[in-house]
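**Q** Below is one structure. I have some questions about it.
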Amino acid sequence: MSIDRKLYILCGGQSCRMGSDKALAEFHGKQLLDQQINKGERIFDEVVLLSGMNSYSVKNREIGDRFDNAGPLSGLLEALNDGVANSMKYIAIIPVDLPGISEQAIQKLAESIPEIPENAILLNSGEDLQPLAGIYSVELAGELKHFLETGNRMVFAFLNRLNYSTIEVSPDELKNVNRPEDLK
């Protein structure tokens with residue numbers, strides 16, 4: 001198995017509450033997508049966009065969804081499948097809408113890749129668990145595919161089936177941007 005370190009950024013959501021593509025929203029003068037790419041490129045060998053049905057004008061490789069209306073789990077499945085295709089054991093993933101996630105937190109994820117005995121390591125702050133910011137074993141690809149094929153779409157319902165550990169971060173790092181007012 002390869003130890004190439006790839007970071008996958010979930011950025012293909014419908015952004016219904018935002019009213020426009022969250023990835024292109026500006027936060028402190030820079031697009032959310034650009035901010036996450038920049039953080040990831042300083043730490044990982046490659047940053048790959050899980051772009052869903054969207055497309056972005058960036059140099060990064062993009063992977064679309066095969067499951068329609070499956071939400072972020074479809075993106076996670078694409079990352080896992082890409083990891084399998086590239087002979088990886090684990091993939092790292094973060095959502096585009098966590099502008100407060102620090103490079104230190106992303107570095108902790110990267111450093112945990114060769115060491116995890118569980119299915120996943122996820123970022124959390126107290127009781128706030130972020131299932132879309134973490135490390136996942138590519139061995140979960142088949143289980144997640146079956147989960148989606150049976151019509152399940154709930155992230156925490158899938159997560160509850162897994163054995164995972166957590167990395168504690170500050171509460172500000174896990175604040176999602178879902179609405180225009182969240183950018184203020």
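Each chain of the structure tokens is named A, B, ... in the order shown, its residues numbered from 1; ligands are numbered from 1 in display order.
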Using only C-alpha atoms, determine which residues lie at most 12 Å from Glu127 of chain A, disregarding the query and same-chain residues fewer than 5 positions distant; provide the list as a VMD selection string.
**A** chain A and resid 166 168 to 171 174
**Q** Would you mind exporting N, CA and C atoms of the selected residues as a short mmCIF file (atom, residue, chain, number, x, y, z; two decimals), in the first residue's frame?
**A**
data_model
loop_
_atom_site.label_atom_id
_atom_site.label_comp_id
_atom_site.auth_asym_id
_atom_site.auth_seq_id
_atom_site.Cartn_x
_atom_site.Cartn_y
_atom_site.Cartn_z
N THR A 166 -10.84 10.05 18.01
CA THR A 166 -10.96 11.48 17.70
C THR A 166 -9.68 12.23 18.03
N GLU A 168 -8.91 16.08 19.33
CA GLU A 168 -9.55 17.26 19.91
C GLU A 168 -8.97 18.54 19.28
N VAL A 169 -9.86 19.44 18.87
CA VAL A 169 -9.48 20.75 18.34
C VAL A 169 -10.34 21.80 19.03
N SER A 170 -10.04 23.06 18.79
CA SER A 170 -10.83 24.14 19.40
C SER A 170 -12.20 24.24 18.74
N PRO A 171 -13.21 24.73 19.46
CA PRO A 171 -14.56 24.85 18.90
C PRO A 171 -14.63 25.68 17.62
N LEU A 174 -14.41 23.96 14.12
CA LEU A 174 -15.48 23.11 13.60
C LEU A 174 -16.76 23.88 13.27
#
**Q** I need the residues in segment 27-184 of chain A that are helix (DSSP H, G or I) according to DSSP; give them as an NGL selection string.
**A** :A and (32-41 or 72-85 or 103-115 or 138-149 or 155-159 or 171-174 or 180-183)
**Q** Determine, counting only C-alpha atoms, which protein, DNA and RNA residues have an atom within 12 Å of an atom of Glu78 of chain A; residues of the same chain fewer than 4 positions away are not included. Present the result as a PyMOL selection string.
**A** chain A and resi 8-10+12+48-52+62-67+70-74+82-85+91+93+138+140-142+144-145+148
**Q** When DSSP is applied to the backbone of this structure, which of chain A are assigned strand (DSSP E)? Write them out as a PyMOL selection string.
**A** chain A and resi 6-10+26-27+30-31+46-52+62-64+90-95+120-125+128-137+164-168
**Q** Go ahead and save the picked residues with N, CA and C atoms, as a compact mmCIF listing (two decimals), in the first residue's frame.
**A**
# COMPACT_ATOMS: atom_id res chain seq x y z
N LYS A 6 -2.87 12.08 0.46
CA LYS A 6 -3.80 12.89 -0.33
C LYS A 6 -4.87 13.44 0.60
N LEU A 7 -5.21 14.69 0.37
CA LEU A 7 -6.31 15.32 1.09
C LEU A 7 -7.44 15.54 0.10
N TYR A 8 -8.61 15.09 0.47
CA TYR A 8 -9.81 15.27 -0.35
C TYR A 8 -10.66 16.36 0.29
N ILE A 9 -11.09 17.32 -0.52
CA ILE A 9 -11.92 18.41 -0.03
C ILE A 9 -13.33 18.24 -0.57
N LEU A 10 -14.30 18.09 0.34
CA LEU A 10 -15.71 18.01 -0.03
C LEU A 10 -16.19 19.41 -0.40
N GLU A 26 -16.62 34.09 -0.27
CA GLU A 26 -15.41 34.73 0.27
C GLU A 26 -15.49 34.86 1.77
N PHE A 27 -14.38 34.52 2.41
CA PHE A 27 -14.24 34.64 3.85
C PHE A 27 -12.89 35.29 4.10
N LYS A 30 -10.91 35.88 0.74
CA LYS A 30 -10.45 34.77 -0.09
C LYS A 30 -11.53 33.70 -0.15
N GLN A 31 -11.67 33.05 -1.30
CA GLN A 31 -12.68 32.01 -1.45
C GLN A 31 -12.39 30.83 -0.51
N GLU A 46 -0.96 15.65 -2.45
CA GLU A 46 -1.96 16.04 -3.46
C GLU A 46 -3.24 16.45 -2.75
N VAL A 47 -3.91 17.47 -3.29
CA VAL A 47 -5.22 17.88 -2.81
C VAL A 47 -6.20 17.64 -3.95
N VAL A 48 -7.23 16.83 -3.68
CA VAL A 48 -8.21 16.42 -4.68
C VAL A 48 -9.57 16.98 -4.28
N LEU A 49 -10.29 17.51 -5.25
CA LEU A 49 -11.61 18.08 -4.98
C LEU A 49 -12.70 17.05 -5.24
N LEU A 50 -13.57 16.89 -4.26
CA LEU A 50 -14.77 16.05 -4.41
C LEU A 50 -15.87 17.02 -4.81
N SER A 51 -15.98 17.23 -6.12
CA SER A 51 -16.76 18.35 -6.64
C SER A 51 -18.22 18.03 -6.94
N GLY A 52 -18.65 16.81 -6.66
CA GLY A 52 -20.06 16.49 -6.91
C GLY A 52 -20.43 16.72 -8.35
N GLU A 62 -10.31 16.83 -9.94
CA GLU A 62 -11.67 16.83 -9.42
C GLU A 62 -12.31 15.47 -9.66
N ILE A 63 -13.11 15.04 -8.69
CA ILE A 63 -13.85 13.78 -8.80
C ILE A 63 -15.32 14.10 -8.58
N GLY A 64 -16.15 13.71 -9.53
CA GLY A 64 -17.60 13.93 -9.41
C GLY A 64 -18.25 12.78 -8.66
N TYR A 90 -5.46 4.67 3.65
CA TYR A 90 -6.31 5.67 4.28
C TYR A 90 -6.41 6.91 3.41
N ILE A 91 -7.52 7.62 3.56
CA ILE A 91 -7.67 8.92 2.91
C ILE A 91 -7.96 9.96 3.99
N ALA A 92 -7.54 11.18 3.74
CA ALA A 92 -7.85 12.32 4.61
C ALA A 92 -8.90 13.16 3.90
N ILE A 93 -9.85 13.69 4.66
CA ILE A 93 -10.93 14.46 4.07
C ILE A 93 -11.30 15.63 4.98
N ILE A 94 -11.60 16.77 4.36
CA ILE A 94 -12.15 17.92 5.09
C ILE A 94 -13.22 18.55 4.22
N PRO A 95 -14.20 19.22 4.83
CA PRO A 95 -15.20 19.93 4.03
C PRO A 95 -14.71 21.35 3.71
N ALA A 120 -11.56 4.95 11.39
CA ALA A 120 -11.46 6.39 11.14
C ALA A 120 -10.92 7.12 12.35
N ILE A 121 -10.38 8.30 12.09
CA ILE A 121 -10.04 9.29 13.13
C ILE A 121 -10.73 10.57 12.69
N LEU A 122 -11.49 11.17 13.59
CA LEU A 122 -12.28 12.35 13.26
C LEU A 122 -11.94 13.50 14.19
N LEU A 123 -12.12 14.72 13.69
CA LEU A 123 -11.92 15.89 14.52
C LEU A 123 -13.15 16.11 15.40
N ASN A 124 -12.90 16.51 16.63
CA ASN A 124 -14.01 16.85 17.51
C ASN A 124 -13.59 17.97 18.45
N SER A 125 -14.60 18.61 19.02
CA SER A 125 -14.39 19.62 20.04
C SER A 125 -15.45 19.39 21.10
N ASP A 128 -18.95 18.12 20.10
CA ASP A 128 -19.14 18.42 18.67
C ASP A 128 -18.18 17.58 17.83
N LEU A 129 -18.72 16.58 17.17
CA LEU A 129 -17.94 15.69 16.31
C LEU A 129 -18.13 16.09 14.86
N GLN A 130 -17.05 16.18 14.10
CA GLN A 130 -17.12 16.54 12.69
C GLN A 130 -16.77 15.31 11.86
N PRO A 131 -17.78 14.57 11.38
CA PRO A 131 -17.53 13.32 10.65
C PRO A 131 -16.95 13.53 9.25
N LEU A 132 -16.96 14.76 8.76
CA LEU A 132 -16.44 15.01 7.42
C LEU A 132 -15.05 15.63 7.44
N ALA A 133 -14.42 15.62 8.62
CA ALA A 133 -13.03 16.08 8.76
C ALA A 133 -12.28 14.98 9.49
N GLY A 134 -11.56 14.18 8.73
CA GLY A 134 -10.85 13.09 9.37
C GLY A 134 -10.10 12.21 8.41
N ILE A 135 -9.75 11.05 8.92
CA ILE A 135 -9.03 10.02 8.18
C ILE A 135 -9.94 8.79 8.14
N TYR A 136 -10.10 8.19 6.97
CA TYR A 136 -10.93 6.99 6.82
C TYR A 136 -10.13 5.89 6.15
N SER A 137 -10.35 4.67 6.61
CA SER A 137 -9.75 3.49 5.98
C SER A 137 -10.45 3.24 4.65
N TYR A 164 -14.09 4.31 15.61
CA TYR A 164 -13.26 5.48 15.32
C TYR A 164 -12.72 6.10 16.60
N SER A 165 -11.69 6.89 16.45
CA SER A 165 -11.16 7.69 17.55
C SER A 165 -11.23 9.15 17.12
N THR A 166 -10.84 10.05 18.01
CA THR A 166 -10.96 11.48 17.70
C THR A 166 -9.68 12.23 18.03
N ILE A 167 -9.56 13.38 17.40
CA ILE A 167 -8.51 14.35 17.69
C ILE A 167 -9.23 15.61 18.14
N GLU A 168 -8.91 16.08 19.33
CA GLU A 168 -9.55 17.26 19.91
C GLU A 168 -8.97 18.54 19.28
**Q** Give me, please, the distance in Å between atom CA of Glu143 of chain A and atom CA of Gly40 of chain A, quoted to one decimal.
**A**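 The value is 27.2 Å.
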